[in-house]
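Novice: Can you read through this structure? Questions will come right after.
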Amino acid sequence: MSEFSVIGRRLPKVNSWAHLTGEARYADDLFLPRMLYGAFSGRRALTPASAAWTLAARSRTPASWRS
Amino acid sequence: MTKQLLTLRVNGEPRTIAADSHHTLLEVLREELGLTGTKHGCELGECGACTVLVDGVPVLACLTLPALVGDADVTTVEGLANGAGAGAPGREATLHPLQIAFAEEGAAQCGYCTPGMLMTAKALLDTTARPTRAQIASAISGNLCRCTGYTAIYEAIEKAASRA
């Protein structure tokens with residue numbers, strides 16, 4: 001009989017059931033009303049390519065959340 | 001943006017939603033249905049984080065249009081356990097054997113690949129009751145994990161198989 005209740009025993013991680021049921025929330029899983037999306041860009045000026053990218057990103061945002 | 005009305009059978013329940021016509025099955029599950037257990041990884045079909053079962057077959061939700069699914073049964077990680085709140089203290093027995101084995105073996109570290117791993121492993125065990133290590137490795141070869149080095153995942157799947 002060990003005097004320890006934790007040391008030397010295999011214990012599941014405290015957050016393992018959240019990971020294993022899909023309930024764990026990661027940053028990408030957060031959806032908030034009127035949430036905006038941001039991205040970093042190295043470009044100093046808006047070019048046709050970066051403008052197209054911006055419009056594409058905007059189209060991925062559900063209309064009900066757009067400001 | 002044109003929306004289309006879709007009816008999908010998800011985790012045993014018919015769900016009707018209006019979705020943007022370009023939305024993938026992954027986006028419909030996560031954004032329209034709020035089932036964020038299915039993870040959004042590479043969006044290119046390379047990482048396997050978005051794996052769900054369609055009529056028991058693992059598919060990459062990021063490369064699947066919901067219209068192609070029709071009235072097939074879609075199963076996500078949320079449908080793997082038996083009921084909401086499964087696995088919470090006192091409700092461990094309601095988990096799928098794979099979920100229990102993954103917890104015991106420490107097969108989920110950051111947990112991001114885990115839902116896809118579980119769904120792929122379920123499809124394997126549903127068709128191959130006692131898979132060899134090589135069969136497990138082959139089955140999950142499309143599911144990338146950056147944490148575990150895979151050994152704990154192999155051992156968890158073997159443990160779940162041994163209890164079935």
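Quick note on naming: the chains in the structure tokens go A, B, ... in the order shown, residues restart at 1 in each chain, and ligands are numbered from 1 in order of appearance.
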Please identify all polymer residues within 8 Å of stretch 43-50 of chain B, counting only C-alpha atoms, omitting same-chain residues fewer than 3 positions from it, and present them as number ranges by chain.

Specialist: B: 26, 38-40, 60-63, 112-117, 142-144

Novice: Using only C-alpha atoms, tabulate the residues of chain B lying at most 6 Å from any atom of chain A, each with its closest atom pair and that distance in Å to one decimal, by chain and increasing residue number, as CSV.

Specialist:
```
residue,atom,partner,partner_atom,distance
B:Thr36,CA,A:Asp29,CA,5.8
B:Gly37,CA,A:Gly22,CA,3.8
B:Val77,CA,A:Gly22,CA,5.9
B:Glu78,CA,A:Thr21,CA,5.9
B:Gly87,CA,A:Trp17,CA,5.7
B:Gln99,CA,A:Leu20,CA,5.7
B:Ala103,CA,A:Pro12,CA,5.6
B:Glu104,CA,A:Pro12,CA,5.6
B:Gly111,CA,A:His19,CA,5.2
```

Novice: Store the residues of this selection in a file with N, CA, C and O atoms, as a PDB file, in the first residue's frame.

Specialist:
```pdb
ATOM      1  N   THR B  36     -18.498  22.142 -33.421  1.00  0.00           N
ATOM      2  CA  THR B  36     -17.099  22.512 -33.617  1.00  0.00           C
ATOM      3  C   THR B  36     -16.133  21.423 -33.164  1.00  0.00           C
ATOM      4  O   THR B  36     -14.921  21.637 -33.179  1.00  0.00           O
ATOM      5  N   GLY B  37     -16.659  20.273 -32.756  1.00  0.00           N
ATOM      6  CA  GLY B  37     -15.772  19.153 -32.419  1.00  0.00           C
ATOM      7  C   GLY B  37     -14.974  18.702 -33.629  1.00  0.00           C
ATOM      8  O   GLY B  37     -13.823  18.285 -33.507  1.00  0.00           O
ATOM      9  N   VAL B  77     -17.645  13.595 -34.040  1.00  0.00           N
ATOM     10  CA  VAL B  77     -17.152  13.191 -32.713  1.00  0.00           C
ATOM     11  C   VAL B  77     -18.224  13.406 -31.645  1.00  0.00           C
ATOM     12  O   VAL B  77     -18.288  12.657 -30.662  1.00  0.00           O
ATOM     13  N   GLU B  78     -19.103  14.391 -31.884  1.00  0.00           N
ATOM     14  CA  GLU B  78     -20.169  14.639 -30.900  1.00  0.00           C
ATOM     15  C   GLU B  78     -21.146  13.462 -30.846  1.00  0.00           C
ATOM     16  O   GLU B  78     -21.866  13.304 -29.853  1.00  0.00           O
ATOM     17  N   GLY B  87     -18.890  11.346 -20.486  1.00  0.00           N
ATOM     18  CA  GLY B  87     -17.490  11.443 -20.104  1.00  0.00           C
ATOM     19  C   GLY B  87     -17.252  12.342 -18.918  1.00  0.00           C
ATOM     20  O   GLY B  87     -16.189  12.301 -18.309  1.00  0.00           O
ATOM     21  N   GLN B  99     -12.773   6.360 -26.959  1.00  0.00           N
ATOM     22  CA  GLN B  99     -12.556   7.567 -26.160  1.00  0.00           C
ATOM     23  C   GLN B  99     -11.937   7.210 -24.807  1.00  0.00           C
ATOM     24  O   GLN B  99     -11.040   7.894 -24.324  1.00  0.00           O
ATOM     25  N   ALA B 103      -8.085   8.231 -23.552  1.00  0.00           N
ATOM     26  CA  ALA B 103      -7.836   8.936 -22.287  1.00  0.00           C
ATOM     27  C   ALA B 103      -6.822   8.169 -21.457  1.00  0.00           C
ATOM     28  O   ALA B 103      -5.878   8.751 -20.908  1.00  0.00           O
ATOM     29  N   GLU B 104      -7.007   6.852 -21.365  1.00  0.00           N
ATOM     30  CA  GLU B 104      -6.125   6.044 -20.522  1.00  0.00           C
ATOM     31  C   GLU B 104      -4.688   6.040 -21.031  1.00  0.00           C
ATOM     32  O   GLU B 104      -3.732   6.006 -20.253  1.00  0.00           O
ATOM     33  N   GLY B 111      -4.976  17.624 -28.578  1.00  0.00           N
ATOM     34  CA  GLY B 111      -6.351  17.239 -28.851  1.00  0.00           C
ATOM     35  C   GLY B 111      -6.896  17.659 -30.195  1.00  0.00           C
ATOM     36  O   GLY B 111      -8.031  17.324 -30.526  1.00  0.00           O
TER      37      GLY B 111
END
```

Novice: Got a sec: who's within 9 Å of B:Leu80, counting only C-alpha atoms, leaving out chain neighbours fewer than 6 positions off, as a list in words?

Specialist: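 The residues satisfying every condition are Thr21 of chain A; Asn11, Leu95, His96, Gln99, Leu118, Met119 and Lys122 of chain B.
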
Novice: Of the candidates B:Thr148, B:Glu13, B:Tyr154, B:Pro58, which shows the shortest atom-to-atom distance to B:Ala134, using only C-alpha atoms?

Specialist: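 Residue with the minimum atom-to-atom distance to B:Ala134: B:Tyr154.
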
Novice: Need the shell around B:Leu5: protein/DNA/RNA residues with any atom at most 9 Å away, counting only C-alpha atoms. Skip same-chain ones fewer than 5 positions apart. Format as a ChimeraX atom specification?

Specialist: /B:16-21

Novice: Using atom CA of B:Arg133 and atom CA of B:Ala161 as the two end points, give the distance in Å to one decimal.

Specialist: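 Computing the Euclidean distance for atom CA of B:Arg133 and atom CA of B:Ala161 yields 11.4 Å.
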
Novice: With distances taken over only C-alpha atoms, which of B:Arg146, B:His22, B:Arg9, B:Arg130 is nearest to B:Gly79?

Specialist: B:Arg9

Novice: Give me every strand (DSSP E) residue in stretch 16-161 of chain B, going by DSSP on the backbone, as a ChimeraX atom specification.

Specialist: /B:16-20,51-54,57-60,73-75

Novice: Name all residues at most 8 Å from B:Ala121 (count only C-alpha atoms; drop same-chain ones fewer than 4 positions away) and give them as a list of chain:residue names.

Specialist: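 So, after excluding close chain neighbours, the residues are B:Leu98, B:Met117, B:Leu125, B:Ile136, B:Ala139, B:Ile140, B:Ile157.
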
Novice: Take atom CA of B:Leu35 and atom CA of B:Leu8 and report the distance between them in Å, one decimal.

Specialist: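 Computing the Euclidean distance for atom CA of B:Leu35 and atom CA of B:Leu8 yields 13.2 Å.
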
Novice: Running DSSP on the backbone, which parts of chain B land in helix (DSSP H, G or I), as a VMD selection string?

Specialist: chain B and resid 25 to 32 61 to 63 66 to 69 77 to 79 92 to 94 97 to 105 114 to 127 133 to 142 151 to 163
